[in-house]
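S.K.: One structure coming up, written as structure tokens, with questions to follow.
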Number of protein chains: 2
Amino acid sequence: MSENKIMLSENELPKAWYNIQADMPNLPKPALNSATRQLAGPEDLSPIFPMGLIEQEVTSERWVEIPEEVLEIYRLWRPAPLCRARRLEKALDTPAKIFYKYEGVSPAGSHKLNTAVPQAYYNQKEGIKRLATETGAGQWGVALSQACNFFDLECMVYMVKVSYLQKPYRRTQMQIFGSDVIASPSEQTDSGRKILQEDPDSLGSLGIAISEAVEDAAGRDDTNYALGSVLNHVILHQTVIGLEAKEQMAKVDEYPDVVIACCGGGSNFSGIAFPFAYDIIVKGAKVNLLAVEPTACPTLTRGHLGYDYGDVAGFTPLLWMYTLGKDFMPPGIHAGGLRYHGESPLVSQLVHDGIVKARAYRQTDIFKSAEIFARCEGIVPAPESSHAIHGAIEEAVAAKEAGEARTILFNLSGHGLLDLPSYETYIDGKLIDYPLSEDSLKNSIEKLPKV
Amino acid sequence: MSENKIMLSENELPKAWYNIQADMPNLPKPALNSATRQLAGPEDLSPIFPMGLIEQEVTSERWVEIPEEVLEIYRLWRPAPLCRARRLEKALDTPAKIFYKYEGVSPAGSHKLNTAVPQAYYNQKEGIKRLATETGAGQWGVALSQACNFFDLECMVYMVKVSYLQKPYRRTQMQIFGSDVIASPSEQTDSGRKILQEDPDSLGSLGIAISEAVEDAAGRDDTNYALGSVLNHVILHQTVIGLEAKEQMAKVDEYPDVVIACCGGGSNFSGIAFPFAYDIIVKGAKVNLLAVEPTACPTLTRGHLGYDYGDVAGFTPLLWMYTLGKDFMPPGIHAGGLRYHGESPLVSQLVHDGIVKARAYRQTDIFKSAEIFARCEGIVPAPESSHAIHGAIEEAVAAKEAGEARTILFNLSGHGLLDLPSYETYIDGKLIDYPLSEDSLKNSIEKLPKV
């Protein structure tokens with residue numbers, strides 16, 4: 001019997017990231033300066049990003065070399081295993097083969113470290129001493145904390161106050177790596193003080209935390225800002241996932257019929273799917289790329305394709321993307337990483353062009369699938385990643401119904417060990433769904449900026 | 001440069017466990033029936049253990065074949081990686097090479113699953129439908145819950161009430177795998193009810209929880225009891241760790257000068273060290289075996305070698321071991337897994353015979369080393385495993401002072417992601433040590449049963 005875990009040696013780690021901008025039939029419309037509505041140039045980004053990343057944001061090179069300093073850190077946990085979910089296949093009694101790429105082996109517990117490391121590296125290389133960022137649930141904050149630690153940068157994390165209070169585990173994890181973690185809204189920034197003046201008991205929001213981090217970075221020469229998803233350079237870094245997965249599938253003479261990942265800002269979906277999108281676009285391969293999202297935040301399935309701000313305060317350039325409108329307040333589902341009004345412009349364009357399909361799931365369903373997966377394979381998955389699991393199970397059941405031995409690949413982007421309170425809600429039968437009326441979506445979409 | 005992670009393929013997984021009883025120069029004195037003080041026989045154990053495990057408890061065969069059904073589950077995460085801690089070596093500026101075997105990749109997060117799986121297997125094979133166990137911090141309860149889930153057994157976990165209340169994450173993790181988790185003392189058993197009558201607010205103790213689990217198992221034909229350390233069959237199963245590590249070291253032409261692991265009941269220390277003890281005893285190899293324990297529970301370094309009960313209530317046979325006395329109440333250190341008054345008889349005998357050395361560390365020191373390790377290697381270690389890290393750092397510093405390129409191997413038995421509140425205490429500067437006076441030790445040791 002062939003192995004459950006298909007491993008690569010460290011020498012087989014990809015040496016370059018894949019840049020899909022080189023191959024897309026249509027590029028998304030370019031970002032616009034939010035004030036002038038003119039094309040956003042490097043000068044719009046350079047106050048808060050290093051040139052190394054700004055160049056990656058717009059490059060048309062197909063392959064971008066991974067610096068040796070980044071590879072050295074990647075080797076602490078990469079290449080990540082590709083696993084065959086044999087016990088899940090058996091439980092589902094499906095003729096399908098189910099493979100998953102497991103990114104939870106990263107010391108940060110998720111795929112986020114794949115981009116945190118190069119972001120810290122390029123900033124340090126350009127003389128930056130300190131990074132500021134926001135975090136909601138904490139996955140991104142942990143990843144950036146670890147990356148800053150590896151490259152001797154200070155790290156300032158504005159953590160949404162409700163998470164700061166409810167998720168002390170993640171806060172501690174960031175502090176172990178030397179980060180300053182502060183509850184947002186804070187007294188540290190104008191944006192924070194303004195909110196606190198209006199509402200001293202504000203529990204914060206991702207939008208406020210982003211405003212604080214961007215303000216912090218813009219106001220200090222030694223400090224830049226770092227974002228964990230959405231932008232092209234983030235997507236680029238994550239392609240190491242799919243490049244490895246493709247190599248691993250080849251080792252066992254397999255190729256997927258469908259590639260599945262959850263989609264919030266788009267980085268983990270792109271990470272596994274874009275190297276296969278290359279096969280579709282450049283080589284005419286037949287493989288379904290399936291982005292799955294929560295019904296409670298249905299950006300791709302019910303959103304509008306147009307220009308919108310990346311943040312709630314409207315500090316960022318205007319991005320061309322599927323969006324529910326920056327004022328859309330996603331219900332409090334447990335997959336905090338998928339509660340984002342917008343979407344990566346690259347993913348948005350590929351959905352628009354029919355190269356990527358999207359599907360939305362209810363959280364009551366994804367937790368059921370998470371439980372089935374955990375019982376079969378042992379790993380308790382993150383609620384975000386459980387969307388991909390649910391997609392894989394749906395596809396495996398469909399394969400059984402069709403009597404076809406399809407090959408399914410999904411991205412298990414992180415473990416759920418710090419999300420166990422969400423499982424407690426599920427076990428206690430207290431999990432609810434949040435159906436969204438047409439009206440609730442219409443309101444925020446109608447407020448999109450006119451461009 | 002050679003790789004950071006030395007991997008084995010699933011085909012290279014050991015096919016047999018190593019039984020050190022075949023090779024020890026002196027066996028520990030045999031267990032005694034606690035009432036008659038006569039040699040304990042299978043009939044003393046069969047009400048709560050299956051014959052498959054009772055045989056392993058006393059076998060003198062050197063190699064015990066690992067059943068294919070157990071290997072199938074092991075392959076979900078084994079072989080576990082052996083890692084070279086290059087960044088730690090650099091940070092310490094030591095000529096020593098530091099390797100660690102990483103058992104935190106198990107879905108249970110620690111080495112405990114190595115024995116939980118065969119224990120569940122042998123019980124299921126002999127028609128048992130349900131296992132009862134106790135858990136303190138929860139590592140063992142999680143491992144047994146997962147193992148029971150894999151072999152379709154029910155699992156009843158008596159969780160010390162203070163942990164039940166303070167560690168809801170672990171409780172939830174057990175429930176995901178279908179276990180019944182109840183706070184101990186409970187209304188479910190005579191021992192529990194008796195305690196609750198005397199003190200309705202009792203927060204429980206490991207001793208009480210063991211009594212409840214043993215009573216539960218002894219009172220039901222369909223139920224057996226399972227223990228996570230101390231006993232010979234548990235130690236046997238854990239040798240898969242050291243057997244793999246030896247093979248992995250050989251792959252890079254290395255052999256350790258010293259092998260280090262933390263020691264509570266002894267299973268994780270034995271797991272990595274006994275395959276090297278074989279080299280010492282049978283082949284005359286020169287390698288130091290170092291068992292490290294907390295100064296707050298110094299069983300091997302300040303305990304007495306003699307007969308004692310394995311549990312506080314005195315339900316178990318009398319075991320020949322280093323002990324602080326069953327009435328010794330270990331201070332509330334964060335390494336809950338090392339708060340045990342006794343020690344594996346096998347480890348005890350080897351310490352007595354000078355084949356294993358023991359050392360005790362303060363928790364303020366081990367957390368400092370844990371932080372250094374996390375910052376270098378990314379992984380936040382369990383407080384228990386951090387004792388081994390501290391030992392490895394001490395050895396690496398000694399190598400530097402001696403100007404010798406020694407090779408150090410330690411067992412990183414688990415990650416600390418569910419122990420982050422302990423780190424919070426450390427970061428907040430609130431960690432304290434618990435020096436033990438001679439008197440406090442004398443009292444409990446003086447009460448040892450007279451045999």
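Every chain in the structure tokens takes a letter, A first, then B, and so on in the order presented; its residues are numbered from 1, and the ligands are numbered from 1 following the presented order.
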Restrict the distance test to only C-alpha atoms, flag each residue of chain A within 9 Å of chain B, and return the flagged residues as number ranges by chain.
M.R.: A: 2-7, 9-11, 75-77, 83, 105-108, 146, 149-150, 168-173, 175-178, 371, 374-380, 417-421, 423-424, 427
S.K.: Write to file, as a PDB file, in the first residue's frame, the residues of the selection just made, with C-alpha atoms.
M.R.:
ATOM      1  CA  SER A   2       1.368   3.422  -0.844  1.00  0.00           C
ATOM      2  CA  GLU A   3       1.926   5.876   1.977  1.00  0.00           C
ATOM      3  CA  ASN A   4      -0.599   8.122   3.709  1.00  0.00           C
ATOM      4  CA  LYS A   5       1.809  11.045   3.778  1.00  0.00           C
ATOM      5  CA  ILE A   6       3.605  12.077   0.631  1.00  0.00           C
ATOM      6  CA  MET A   7       6.695  14.006   1.684  1.00  0.00           C
ATOM      7  CA  SER A   9      12.777  16.568   0.979  1.00  0.00           C
ATOM      8  CA  GLU A  10      13.924  20.053   1.872  1.00  0.00           C
ATOM      9  CA  ASN A  11      15.932  20.095  -1.370  1.00  0.00           C
ATOM     10  CA  ARG A  75      12.764  24.752   5.968  1.00  0.00           C
ATOM     11  CA  LEU A  76      11.795  24.816   9.639  1.00  0.00           C
ATOM     12  CA  TRP A  77       8.492  23.249   8.618  1.00  0.00           C
ATOM     13  CA  CYS A  83      -1.809  13.388   3.000  1.00  0.00           C
ATOM     14  CA  VAL A 105       2.336  21.901  10.571  1.00  0.00           C
ATOM     15  CA  SER A 106       3.681  25.453  10.425  1.00  0.00           C
ATOM     16  CA  PRO A 107       4.724  26.670  13.884  1.00  0.00           C
ATOM     17  CA  ALA A 108       2.096  29.392  13.499  1.00  0.00           C
ATOM     18  CA  GLN A 146       6.999  34.715  14.480  1.00  0.00           C
ATOM     19  CA  ASN A 149      11.120  37.435  15.563  1.00  0.00           C
ATOM     20  CA  PHE A 150      13.083  35.485  12.929  1.00  0.00           C
ATOM     21  CA  PRO A 168      -5.918  35.141  25.470  1.00  0.00           C
ATOM     22  CA  TYR A 169      -4.156  32.025  24.094  1.00  0.00           C
ATOM     23  CA  ARG A 170      -3.366  33.693  20.780  1.00  0.00           C
ATOM     24  CA  ARG A 171      -2.325  36.905  22.502  1.00  0.00           C
ATOM     25  CA  THR A 172       0.150  34.952  24.628  1.00  0.00           C
ATOM     26  CA  GLN A 173       1.453  33.118  21.563  1.00  0.00           C
ATOM     27  CA  GLN A 175       3.940  37.741  23.135  1.00  0.00           C
ATOM     28  CA  ILE A 176       6.193  34.671  23.372  1.00  0.00           C
ATOM     29  CA  PHE A 177       7.721  35.820  20.082  1.00  0.00           C
ATOM     30  CA  GLY A 178       8.270  39.296  21.449  1.00  0.00           C
ATOM     31  CA  GLU A 371     -16.122  16.436  13.134  1.00  0.00           C
ATOM     32  CA  ALA A 374     -11.337  14.771  12.907  1.00  0.00           C
ATOM     33  CA  ARG A 375     -12.747  11.384  13.825  1.00  0.00           C
ATOM     34  CA  CYS A 376     -11.266   9.797  10.689  1.00  0.00           C
ATOM     35  CA  GLU A 377      -7.909  11.527  10.393  1.00  0.00           C
ATOM     36  CA  GLY A 378      -7.248  12.689  13.968  1.00  0.00           C
ATOM     37  CA  ILE A 379      -6.668  16.357  13.174  1.00  0.00           C
ATOM     38  CA  VAL A 380      -9.066  18.963  14.552  1.00  0.00           C
ATOM     39  CA  LEU A 417      -6.460  23.770  18.511  1.00  0.00           C
ATOM     40  CA  LEU A 418      -6.921  27.412  19.426  1.00  0.00           C
ATOM     41  CA  ASP A 419     -10.464  27.373  18.078  1.00  0.00           C
ATOM     42  CA  LEU A 420     -11.781  24.720  20.430  1.00  0.00           C
ATOM     43  CA  PRO A 421     -14.334  27.053  22.047  1.00  0.00           C
ATOM     44  CA  TYR A 423     -16.296  23.334  18.766  1.00  0.00           C
ATOM     45  CA  GLU A 424     -17.712  23.580  22.261  1.00  0.00           C
ATOM     46  CA  ILE A 427     -21.034  20.118  20.642  1.00  0.00           C
TER      47      ILE A 427
END
S.K.: Write out as JSON, numbers by chain which residues come within 9 Å of Gly52 of chain A when counting only C-alpha atoms, dropping same-chain ones fewer than 2 positions away.
M.R.: {"A": [49, 50, 54, 55, 56, 57, 119, 122, 123, 125, 126]}
S.K.: Might you pull out every residue within 10 Å of His352 of chain B, with only C-alpha atoms counted and same-chain residues fewer than 4 positions away left off, and present them as a ChimeraX atom specification?
M.R.: /B:26,28,300,305,321-322,346-348,356-357
S.K.: Could you dump the residues just selected with N, CA, C and O atoms as a short mmCIF file (atom, residue, chain, number, x, y, z; two decimals), in the first residue's frame?
M.R.:
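To be explicit, this is the file written out as part.cif:
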data_model
loop_
_atom_site.label_atom_id
_atom_site.label_comp_id
_atom_site.auth_asym_id
_atom_site.auth_seq_id
_atom_site.Cartn_x
_atom_site.Cartn_y
_atom_site.Cartn_z
N ASN B 26 19.68 -5.94 36.01
CA ASN B 26 18.84 -6.31 37.16
C ASN B 26 17.42 -5.85 36.88
O ASN B 26 17.21 -4.69 36.55
N PRO B 28 13.66 -4.76 38.14
CA PRO B 28 13.11 -4.24 39.40
C PRO B 28 12.42 -5.38 40.16
O PRO B 28 11.99 -6.37 39.55
N LEU B 300 13.20 11.18 41.31
CA LEU B 300 14.44 10.42 41.07
C LEU B 300 15.62 11.01 41.83
O LEU B 300 16.53 10.29 42.22
N LEU B 305 13.90 4.64 46.97
CA LEU B 305 13.62 3.45 46.17
C LEU B 305 13.02 2.37 47.08
O LEU B 305 13.66 1.91 48.03
N MET B 321 9.78 1.16 43.15
CA MET B 321 10.12 2.37 42.37
C MET B 321 10.66 3.49 43.27
O MET B 321 10.48 3.46 44.49
N TYR B 322 11.31 4.45 42.62
CA TYR B 322 11.59 5.69 43.33
C TYR B 322 10.27 6.39 43.59
O TYR B 322 9.41 6.48 42.71
N LEU B 346 10.90 0.35 35.82
CA LEU B 346 12.03 0.09 34.92
C LEU B 346 13.03 1.24 34.96
O LEU B 346 14.25 1.05 35.07
N VAL B 347 12.52 2.46 34.87
CA VAL B 347 13.42 3.63 34.95
C VAL B 347 14.09 3.66 36.32
O VAL B 347 15.30 3.91 36.43
N SER B 348 13.32 3.39 37.36
CA SER B 348 13.87 3.42 38.72
C SER B 348 15.07 2.50 38.85
O SER B 348 16.11 2.86 39.39
N VAL B 356 21.06 5.17 33.98
CA VAL B 356 20.36 6.44 33.72
C VAL B 356 20.72 7.44 34.82
O VAL B 356 20.77 7.08 36.00
N LYS B 357 21.02 8.68 34.39
CA LYS B 357 21.28 9.74 35.36
C LYS B 357 20.04 10.65 35.46
O LYS B 357 19.28 10.78 34.50
#
S.K.: Please indicate the distance in Å from atom CA of Ser413 of chain B to atom CA of Gln139 of chain B, rounded to one decimal place.
M.R.: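 Going from atom CA of Ser413 of chain B over to atom CA of Gln139 of chain B covers 10.9 Å.
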S.K.: Looking at B:Gly204, B:Gly354, B:Gly271, B:Gly219, which one is nearest to Thr115 of chain B, with distances taken over only C-alpha atoms?
M.R.: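 Nearest candidate to Thr115 of chain B out of B:Gly204, B:Gly354, B:Gly271, B:Gly219: B:Gly271.
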S.K.: From the options A:Val160, A:Ala218, A:Ala396, A:Ile272, which residue's atoms come nearest to Leu236 of chain A, counting only C-alpha atoms?
M.R.: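 Residue with the minimum atom-to-atom distance to Leu236 of chain A: A:Ile272.
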S.K.: So that I can check the surroundings of segment 17-19 of chain B, please list as a PyMOL selection string every protein, DNA and RNA residue that reaches within 8 Å of it, counting only C-alpha atoms and ignoring chain neighbours fewer than 5 positions away.
M.R.: chain B and resi 60-66+236-240+243+274-275
S.K.: Which neighbours of Glu68 of chain A fall inside 12 Å, counting only C-alpha atoms, when residues of the same chain fewer than 5 positions from it are skipped, and could you give them as an mmCIF file with all heavy atoms, in the first residue's frame?
M.R.:
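File around36.cif, as written:
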data_model
loop_
_atom_site.group_PDB
_atom_site.id
_atom_site.type_symbol
_atom_site.label_atom_id
_atom_site.label_comp_id
_atom_site.auth_asym_id
_atom_site.auth_seq_id
_atom_site.Cartn_x
_atom_site.Cartn_y
_atom_site.Cartn_z
ATOM 1 N N LEU A 13 12.022 21.692 -2.040
ATOM 2 C CA LEU A 13 11.230 22.906 -1.810
ATOM 3 C C LEU A 13 11.308 23.786 -3.065
ATOM 4 O O LEU A 13 12.386 23.981 -3.614
ATOM 5 C CB LEU A 13 11.843 23.661 -0.628
ATOM 6 C CG LEU A 13 10.925 24.172 0.467
ATOM 7 C CD1 LEU A 13 11.735 24.601 1.689
ATOM 8 C CD2 LEU A 13 10.043 25.295 0.010
ATOM 9 N N PRO A 14 10.162 24.308 -3.518
ATOM 10 C CA PRO A 14 10.202 25.193 -4.694
ATOM 11 C C PRO A 14 11.202 26.335 -4.487
ATOM 12 O O PRO A 14 11.306 26.876 -3.389
ATOM 13 C CB PRO A 14 8.766 25.726 -4.786
ATOM 14 C CG PRO A 14 7.927 24.689 -4.104
ATOM 15 C CD PRO A 14 8.796 24.116 -3.018
ATOM 16 N N LYS A 15 11.890 26.700 -5.547
ATOM 17 C CA LYS A 15 12.883 27.787 -5.463
ATOM 18 C C LYS A 15 12.295 29.121 -5.917
ATOM 19 O O LYS A 15 12.939 30.153 -5.809
ATOM 20 C CB LYS A 15 14.111 27.449 -6.313
ATOM 21 C CG LYS A 15 14.798 26.130 -5.944
ATOM 22 C CD LYS A 15 15.480 26.190 -4.590
ATOM 23 C CE LYS A 15 16.207 24.890 -4.262
ATOM 24 N NZ LYS A 15 15.264 23.750 -4.046
ATOM 25 N N ALA A 16 11.099 29.063 -6.488
ATOM 26 C CA ALA A 16 10.452 30.295 -6.956
ATOM 27 C C ALA A 16 8.957 30.212 -6.695
ATOM 28 O O ALA A 16 8.378 29.125 -6.691
ATOM 29 C CB ALA A 16 10.723 30.499 -8.446
ATOM 30 N N ILE A 73 14.118 29.838 6.548
ATOM 31 C CA ILE A 73 13.037 29.771 7.553
ATOM 32 C C ILE A 73 11.965 28.776 7.118
ATOM 33 O O ILE A 73 11.485 27.974 7.925
ATOM 34 C CB ILE A 73 12.406 31.166 7.787
ATOM 35 C CG1 ILE A 73 13.464 32.186 8.183
ATOM 36 C CG2 ILE A 73 11.327 31.075 8.858
ATOM 37 C CD1 ILE A 73 14.101 31.953 9.526
ATOM 38 N N TYR A 74 11.594 28.812 5.833
ATOM 39 C CA TYR A 74 10.610 27.836 5.329
ATOM 40 C C TYR A 74 10.993 26.417 5.744
ATOM 41 O O TYR A 74 10.146 25.590 6.054
ATOM 42 C CB TYR A 74 10.537 27.891 3.801
ATOM 43 C CG TYR A 74 9.603 28.931 3.200
ATOM 44 C CD1 TYR A 74 8.853 29.801 3.989
ATOM 45 C CD2 TYR A 74 9.457 29.024 1.810
ATOM 46 C CE1 TYR A 74 8.005 30.731 3.407
ATOM 47 C CE2 TYR A 74 8.604 29.948 1.224
ATOM 48 C CZ TYR A 74 7.876 30.808 2.022
ATOM 49 O OH TYR A 74 7.031 31.721 1.438
ATOM 50 N N ARG A 75 12.309 26.129 5.700
ATOM 51 C CA ARG A 75 12.764 24.752 5.968
ATOM 52 C C ARG A 75 12.504 24.305 7.396
ATOM 53 O O ARG A 75 12.638 23.128 7.704
ATOM 54 C CB ARG A 75 14.262 24.609 5.653
ATOM 55 C CG ARG A 75 14.578 24.558 4.180
ATOM 56 C CD ARG A 75 16.022 24.148 3.916
ATOM 57 N NE ARG A 75 16.444 24.607 2.596
ATOM 58 C CZ ARG A 75 17.226 25.662 2.386
ATOM 59 N NH1 ARG A 75 17.711 26.357 3.400
ATOM 60 N NH2 ARG A 75 17.533 26.017 1.147
ATOM 61 N N VAL A 117 6.800 35.435 6.508
ATOM 62 C CA VAL A 117 8.270 35.334 6.465
ATOM 63 C C VAL A 117 8.856 36.229 5.373
ATOM 64 O O VAL A 117 9.711 37.072 5.659
ATOM 65 C CB VAL A 117 8.717 33.857 6.323
ATOM 66 C CG1 VAL A 117 10.216 33.760 6.056
ATOM 67 C CG2 VAL A 117 8.352 33.080 7.588
ATOM 68 N N PRO A 118 8.434 36.090 4.095
ATOM 69 C CA PRO A 118 9.005 37.016 3.109
ATOM 70 C C PRO A 118 8.661 38.477 3.380
ATOM 71 O O PRO A 118 9.485 39.360 3.112
ATOM 72 C CB PRO A 118 8.418 36.529 1.773
ATOM 73 C CG PRO A 118 7.311 35.584 2.115
ATOM 74 C CD PRO A 118 7.604 35.045 3.470
ATOM 75 N N TYR A 121 11.130 39.583 5.799
ATOM 76 C CA TYR A 121 12.449 39.609 5.157
ATOM 77 C C TYR A 121 12.652 40.867 4.312
ATOM 78 O O TYR A 121 13.651 41.587 4.454
ATOM 79 C CB TYR A 121 12.630 38.354 4.292
ATOM 80 C CG TYR A 121 13.775 38.478 3.324
ATOM 81 C CD1 TYR A 121 15.096 38.411 3.777
ATOM 82 C CD2 TYR A 121 13.553 38.718 1.972
ATOM 83 C CE1 TYR A 121 16.155 38.550 2.896
ATOM 84 C CE2 TYR A 121 14.608 38.857 1.078
ATOM 85 C CZ TYR A 121 15.912 38.774 1.547
ATOM 86 O OH TYR A 121 16.953 38.929 0.678
#
